[in-house]
Amino acid sequence: FKNKALLKQAITHSSYSNERKINKEPHYERLEFLGDAVLELASSEFFYYKYPDMTEGKMTKMRASAVCEQALAITARDLELGKFMRFSKGEENTGGRERDSIIADAVEAIIGAIYIESGFVEAKSFVERFVLNDLEKKHLFYDAKSILQEWSQNGENKPIRYELISESGPDHNKCFEVVVYVGTQCMGKGNGKSKKIAEQHAAYEALCKIKG
């Protein structure tokens, strides 16, 4: 980045800005708004040209799995983006650096900042390199619960059951831990800020074991 202020804005959470009554600095939300639109266009173009025979419905599903909150959070963690972000002390203390919703938004803000400074081609290059990589893993994670269900029905014919084993943290920052059983065998464990996300992680772990 030549414009360091733009990069600084992309990694500044609103809590950091709001904490400073004097000399407030801009936060990432406007950049996130722009980056979201750039991401949608860049990913749509990618799937359109990469899979010329794919139907609209299939492309829509693949795009959704590639740019969903959890997939963008994977991208953020690959880039270690959380460690560079600026938070208020309160947000920092409640786990903001690891919260999927926040670090996923920051990825979109970075994309928006790249677009402003260098244009669509550079923004698209970033998206293809860091967001649309390892698509099989991201698709498997996005659809983990339904893929595990289909695998069971088509082969094993054993019931899939998710069980909440722990719940911790204050109401605004809950952490849920879930295990998944295939028949009577525990096949995976996952945690997350909601039961749904924890179940996805558990199902994904089970699928990774099944696929060896």
# chains A, B, ... in the order shown; residues from 1 in each chain; ligands from 1
$ closest_atom_pairs --of "range 132-194 of chain A" --to "range 65-85 of chain A" --cutoff "6 Å" --atoms "only C-alpha atoms" --output "tab-separated table"
residue	atom	partner	partner_atom	distance
A:Lys138	CA	A:Ala71	CA	6.0
A:His139	CA	A:Ser65	CA	5.3
A:Tyr142	CA	A:Ser65	CA	5.4
$ closest_residue --among "A:Cys186, A:Ala113, A:Arg86, A:Leu34" --to "Lys209 in chain A" --atoms "only C-alpha atoms"
A:Cys186
$ select_by_dssp --residues "chain A" --states "strand (DSSP E or B)" --output "list in words"
Thr12, Arg86, Ile160, Arg161, Tyr162, Glu163, Leu164, Ile165, Ser166, Glu167, Ser168, Cys175, Phe176, Glu177, Val178, Val179, Val180, Tyr181, Val182, Gln185, Cys186, Met187, Gly188, Lys189, Gly190, Asn191 and Gly192 of chain A
$ residues_around --residues "Glu19 in chain A" --least-positions-apart "3" --cutoff "12 Å" --atoms "only C-alpha atoms" --output "PyMOL selection string"
chain A and resi 12-16+22-27+86-91
